[in-house]
Amino acid sequence: MATKVVERKPLSIWERSYLPQVVGGLKITFKNMFKPTVTLEYPEERPEIPPGYRGVPTLVRDPNGREKCVSCQLCEFVCPPKAIRITPGEIPEESESRHVEKGPKEFEINMLRCIYCGFCQEVCPEEAIWLQDIYSLSGYSREEMVNNKQKLYELGGTLPDPYYKWDRKKQAELEGNPHH
Amino acid sequence: MDWIDILLKVIYALVMVAVVMTIAGYSVLAERKIASWIQGRVGPNRTALPGLSALPVIGPMLVKLGIWQPLADGVKFLFKEDPIPGHVKKFYYVLAPMISLAPALITMVVLPFGVYYVDGQAMPLVLANVDIGILFILAVSSLGVYGIILAGWASNSKYPFLGGIRASAQMISYELAMGLALLPVFMWFAPETGGSLNLFNLVQAQGNHMWGVLPAWTIFYQPLGALIFLVSLFAETNRAPFDMPESETDLVAGFNTEYGAFKFGLFFLGEYTHIIIGSGVFVTLFLGGWNLPWITMPAGILGAALSILVFLGKTCALIFLFIWVRWTLPRFRYDQVMTLGWKKLLPLAVANFVLYLIIIALIEG
């Protein structure tokens, strides 16, 4: 293989005095002073959260405003730090969504334990629990850091639903095909 | 001396201390701001005063510039808890920060910062117009290093100790070159000043023009001397790239390690006061003090104010240089500092000295 020997010239006295390099460095830093800053001024400006970000876990409603969670407790079981606690409850007789098997009476996620792994979202058969783009949370007490059901729905809001599983089930039931 | 005279002197001194301390506070701000700009950041831009920051346009602008930050810093230093570690030598530990600040404040006594013309007679604006001017500054400013050595020793732990030792070694190495670079300056202007070491006369002599065009600032005639003095000044004020006593990468925080709260604040203030006074001395010796080329100052109060402004402007430019260099150059290694001091600067200073001896002899002979 052809090797090219680069001649390494000895430094001249002027170069050995460091001064040209010092002046060169000063020029660079001086130019830098007039460049725009790269700072994101945090509380006023917020970073853009990329899709798929695993933020605070939340509960979502379907576009009809019905809660999606059916209290199957899979997330509670899969949660590695045991941050989720669900108290299953019956759905009242007169409710429109009576045909859904169950609903959570209480749903608590302890954010002091949560590790944002996203297993709960992955395991949820109803796509009811989502890790969304909330990345900063704070509180004055430990109790405050436990998100209850109401808070979780507040944070979660409504996400679009491509399936409407329980609506279809109800429709099937009305059409006389309960085993749809 | 009348008691009125004494009172006036005290008031002048207090005013000067206030001004220098204010400049010191704001050079800390300048340091932070310039550092951020160089690094593409924003710097302190949050501190606001309740009343003033509510002004329509100026208020938020001043806040953005961080104008109130030094106030907040000062208040923080004052009100922090001031613990004294159990292992230190208490008396010297407390004494050290004072010793490091006091010499810087004392040297400004002989630093002339302006000129006032009374009946065509130039009167210096200075606290004490002593004939040994520069000798006084050299003698007193070197005492500042005692504070650092004392801090290093009294802290009774290894990093401050190493910092103190480095400070003393560095001071000894660079003081020589500094003194030697100064001598030709005073010899050069000996015809005008009558050979005295008075700083005011030296600055007035720099107001002349060579052949009516070139201003007689020393830096134009002795650039090498100016460079040696500047480098030594960086070393003497413990500024990067010569901040050996502190070198936070290898010595934690050097002599500062065991200090906190107001005592650290004193060291901090002392460092910046040294920079200001050092810049002032450099302006006086090499940059023509309050002289502007081709412009004669108007007489009276206006002229005096202008001369002070020019002097302050030049000093601030030099402070900017100090900050600019700090955020550009990496720190020298300890042995490199010693090599530069003893093997490069000292011979260079001697050569410079001899060269100007010959030149001056030729001119006058």
# chains A, B, ... in the order shown; residues from 1 in each chain; ligands from 1

call {"tool": "interface_residues", "arguments": {"of": "chain B", "to": "chain A", "cutoff": "8 Å", "atoms": "only C-alpha atoms", "output": "JSON, numbers by chain"}}
result
{"B": [34, 37, 38, 39, 40, 41, 42, 324, 325, 327, 328, 329]}

call {"tool": "write_last_selection", "arguments": {"atoms": "N, CA, C and O atoms", "output": "mmCIF file, in the first residue's frame"}}
result
data_model
loop_
_atom_site.group_PDB
_atom_site.id
_atom_site.type_symbol
_atom_site.label_atom_id
_atom_site.label_comp_id
_atom_site.auth_asym_id
_atom_site.auth_seq_id
_atom_site.Cartn_x
_atom_site.Cartn_y
_atom_site.Cartn_z
ATOM 1 N N ILE B 34 -20.343 37.311 29.426
ATOM 2 C CA ILE B 34 -19.456 37.078 28.285
ATOM 3 C C ILE B 34 -19.187 35.584 28.138
ATOM 4 O O ILE B 34 -19.186 35.045 27.031
ATOM 5 N N TRP B 37 -22.150 34.176 26.418
ATOM 6 C CA TRP B 37 -22.241 34.512 24.998
ATOM 7 C C TRP B 37 -21.242 33.698 24.204
ATOM 8 O O TRP B 37 -21.550 33.206 23.117
ATOM 9 N N ILE B 38 -20.041 33.575 24.756
ATOM 10 C CA ILE B 38 -19.014 32.812 24.035
ATOM 11 C C ILE B 38 -19.452 31.360 23.889
ATOM 12 O O ILE B 38 -19.201 30.713 22.877
ATOM 13 N N GLN B 39 -20.157 30.848 24.893
ATOM 14 C CA GLN B 39 -20.559 29.445 24.862
ATOM 15 C C GLN B 39 -21.958 29.256 24.281
ATOM 16 O O GLN B 39 -22.539 28.181 24.396
ATOM 17 N N GLY B 40 -22.519 30.291 23.686
ATOM 18 C CA GLY B 40 -23.833 30.167 23.064
ATOM 19 C C GLY B 40 -24.969 30.068 24.060
ATOM 20 O O GLY B 40 -26.029 29.557 23.753
ATOM 21 N N ARG B 41 -24.744 30.569 25.273
ATOM 22 C CA ARG B 41 -25.807 30.546 26.281
ATOM 23 C C ARG B 41 -26.359 31.948 26.464
ATOM 24 O O ARG B 41 -25.991 32.868 25.748
ATOM 25 N N VAL B 42 -27.212 32.114 27.466
ATOM 26 C CA VAL B 42 -27.869 33.394 27.672
ATOM 27 C C VAL B 42 -27.280 34.147 28.856
ATOM 28 O O VAL B 42 -27.136 35.360 28.832
ATOM 29 N N TRP B 324 -12.235 37.654 28.249
ATOM 30 C CA TRP B 324 -12.210 37.040 26.931
ATOM 31 C C TRP B 324 -11.139 35.955 26.885
ATOM 32 O O TRP B 324 -11.393 34.838 26.413
ATOM 33 N N VAL B 325 -9.969 36.247 27.403
ATOM 34 C CA VAL B 325 -8.883 35.271 27.392
ATOM 35 C C VAL B 325 -9.248 34.075 28.250
ATOM 36 O O VAL B 325 -8.987 32.935 27.884
ATOM 37 N N TRP B 327 -12.076 32.691 28.765
ATOM 38 C CA TRP B 327 -12.999 31.763 28.141
ATOM 39 C C TRP B 327 -12.496 31.275 26.795
ATOM 40 O O TRP B 327 -13.237 30.689 26.035
ATOM 41 N N THR B 328 -11.240 31.585 26.481
ATOM 42 C CA THR B 328 -10.657 31.111 25.239
ATOM 43 C C THR B 328 -9.592 30.056 25.484
ATOM 44 O O THR B 328 -9.589 29.005 24.853
ATOM 45 N N LEU B 329 -8.686 30.354 26.424
ATOM 46 C CA LEU B 329 -7.512 29.493 26.571
ATOM 47 C C LEU B 329 -7.697 28.460 27.673
ATOM 48 O O LEU B 329 -8.283 28.768 28.716
#

call {"tool": "select_by_dssp", "arguments": {"residues": "segment 86-134 of chain A", "states": "helix (DSSP H, G or I)", "output": "list of chain:residue names"}}
result
A:Phe119, A:Cys120, A:Gln121, A:Glu122, A:Val123

call {"tool": "write_last_selection", "arguments": {"atoms": "N, CA and C atoms", "output": "PDB file, in the first residue's frame"}}
result
ATOM      1  N   PHE A 119     -44.863  -0.466  30.411  1.00  0.00           N
ATOM      2  CA  PHE A 119     -45.429  -1.824  30.358  1.00  0.00           C
ATOM      3  C   PHE A 119     -46.944  -1.786  30.450  1.00  0.00           C
ATOM      4  N   CYS A 120     -47.470  -0.867  31.274  1.00  0.00           N
ATOM      5  CA  CYS A 120     -48.916  -0.799  31.476  1.00  0.00           C
ATOM      6  C   CYS A 120     -49.616  -0.471  30.159  1.00  0.00           C
ATOM      7  N   GLN A 121     -49.008   0.476  29.418  1.00  0.00           N
ATOM      8  CA  GLN A 121     -49.586   0.844  28.124  1.00  0.00           C
ATOM      9  C   GLN A 121     -49.533  -0.354  27.176  1.00  0.00           C
ATOM     10  N   GLU A 122     -48.421  -1.066  27.247  1.00  0.00           N
ATOM     11  CA  GLU A 122     -48.218  -2.174  26.317  1.00  0.00           C
ATOM     12  C   GLU A 122     -49.183  -3.326  26.598  1.00  0.00           C
ATOM     13  N   VAL A 123     -49.474  -3.528  27.877  1.00  0.00           N
ATOM     14  CA  VAL A 123     -50.247  -4.695  28.253  1.00  0.00           C
ATOM     15  C   VAL A 123     -51.750  -4.445  28.188  1.00  0.00           C
TER      16      VAL A 123
END

call {"tool": "residues_around", "arguments": {"residues": "Ile276 of chain B", "least_positions_apart": "4", "cutoff": "7 Å", "atoms": "only C-alpha atoms", "output": "NGL selection string"}}
result
:B and (272 or 280 or 319)

call {"tool": "write_last_selection", "arguments": {"atoms": "N, CA, C and O atoms", "output": "short mmCIF file (atom, residue, chain, number, x, y, z; two decimals), in the first residue's frame"}}
result
data_model
loop_
_atom_site.label_atom_id
_atom_site.label_comp_id
_atom_site.auth_asym_id
_atom_site.auth_seq_id
_atom_site.Cartn_x
_atom_site.Cartn_y
_atom_site.Cartn_z
N TYR B 272 -11.32 39.97 41.72
CA TYR B 272 -11.78 40.93 40.71
C TYR B 272 -11.22 42.32 40.94
O TYR B 272 -10.94 43.05 40.00
N GLY B 280 -6.06 48.84 35.54
CA GLY B 280 -5.79 50.27 35.71
C GLY B 280 -4.31 50.57 35.58
O GLY B 280 -3.90 51.52 34.92
N ILE B 319 -10.39 44.85 31.16
CA ILE B 319 -11.10 43.82 31.94
C ILE B 319 -11.78 42.84 30.98
O ILE B 319 -11.77 41.63 31.19
#

call {"tool": "select_by_dssp", "arguments": {"residues": "segment 13-87 of chain A", "states": "strand (DSSP E or B)", "output": "CSV table (one decimal) with N, CA, C and O atoms, in the first residue's frame"}}
result
chain,number,residue,atom,x,y,z
A,57,PRO,N,-48.0,8.3,33.0
A,57,PRO,CA,-49.1,7.5,32.5
A,57,PRO,C,-50.4,8.1,32.9
A,57,PRO,O,-50.6,8.6,34.0
A,58,THR,N,-51.4,8.0,32.0
A,58,THR,CA,-52.7,8.6,32.2
A,58,THR,C,-53.8,7.6,31.7
A,58,THR,O,-53.5,6.7,30.9
A,59,LEU,N,-55.0,7.9,32.1
A,59,LEU,CA,-56.1,7.1,31.6
A,59,LEU,C,-56.8,7.9,30.6
A,59,LEU,O,-57.0,9.2,30.8
A,61,ARG,N,-60.3,8.5,27.8
A,61,ARG,CA,-61.6,8.1,27.5
A,61,ARG,C,-61.7,7.9,26.0
A,61,ARG,O,-60.9,8.4,25.2
A,67,GLU,N,-65.3,5.8,29.8
A,67,GLU,CA,-64.0,5.4,30.2
A,67,GLU,C,-63.7,4.0,29.6
A,67,GLU,O,-64.6,3.2,29.6
A,84,ILE,N,-49.1,0.8,40.5
A,84,ILE,CA,-50.5,0.9,40.1
A,84,ILE,C,-51.4,0.1,41.1
A,84,ILE,O,-51.0,-1.0,41.5
A,85,ARG,N,-52.4,0.7,41.6
A,85,ARG,CA,-53.4,0.0,42.5
A,85,ARG,C,-54.8,0.3,41.9
A,85,ARG,O,-55.2,1.4,41.9
A,86,ILE,N,-55.5,-0.8,41.6
A,86,ILE,CA,-56.8,-0.7,41.1
A,86,ILE,C,-57.8,-1.3,42.0
A,86,ILE,O,-57.6,-2.4,42.5
A,87,THR,N,-58.9,-0.6,42.3
A,87,THR,CA,-60.0,-1.2,43.0
A,87,THR,C,-61.1,-1.4,42.0
A,87,THR,O,-61.7,-0.5,41.6

call {"tool": "closest_residue", "arguments": {"among": "B:Val115, B:Val19, B:Ile363, B:Ala72", "to": "Ala305 of chain B", "atoms": "only C-alpha atoms"}}
result
B:Val115

call {"tool": "residues_around", "arguments": {"residues": "Ile67 of chain B", "least_positions_apart": "2", "cutoff": "12 Å", "atoms": "only C-alpha atoms", "output": "PyMOL selection string"}}
result
chain B and resi 22+25-30+32-33+43-49+52-53+58-65+69-73

call {"tool": "residues_around", "arguments": {"residues": "segment 141-156 of chain A", "least_positions_apart": "2", "cutoff": "6 Å", "atoms": "only C-alpha atoms", "output": "PDB file with C-alpha atoms, in the first residue's frame"}}
result
ATOM      1  CA  THR A  58     -52.670   8.603  32.166  1.00  0.00           C
ATOM      2  CA  LEU A  59     -56.111   7.111  31.644  1.00  0.00           C
ATOM      3  CA  VAL A  60     -57.982   8.083  28.513  1.00  0.00           C
ATOM      4  CA  GLU A 106     -60.573   3.617  42.095  1.00  0.00           C
ATOM      5  CA  PHE A 107     -57.398   3.764  40.036  1.00  0.00           C
ATOM      6  CA  GLU A 108     -54.213   5.021  41.647  1.00  0.00           C
ATOM      7  CA  ILE A 109     -50.761   5.438  40.125  1.00  0.00           C
ATOM      8  CA  ASN A 110     -48.075   6.302  42.608  1.00  0.00           C
ATOM      9  CA  MET A 111     -45.727   8.596  40.691  1.00  0.00           C
ATOM     10  CA  GLY A 139     -45.861  18.227  44.545  1.00  0.00           C
TER      11      GLY A 139
END
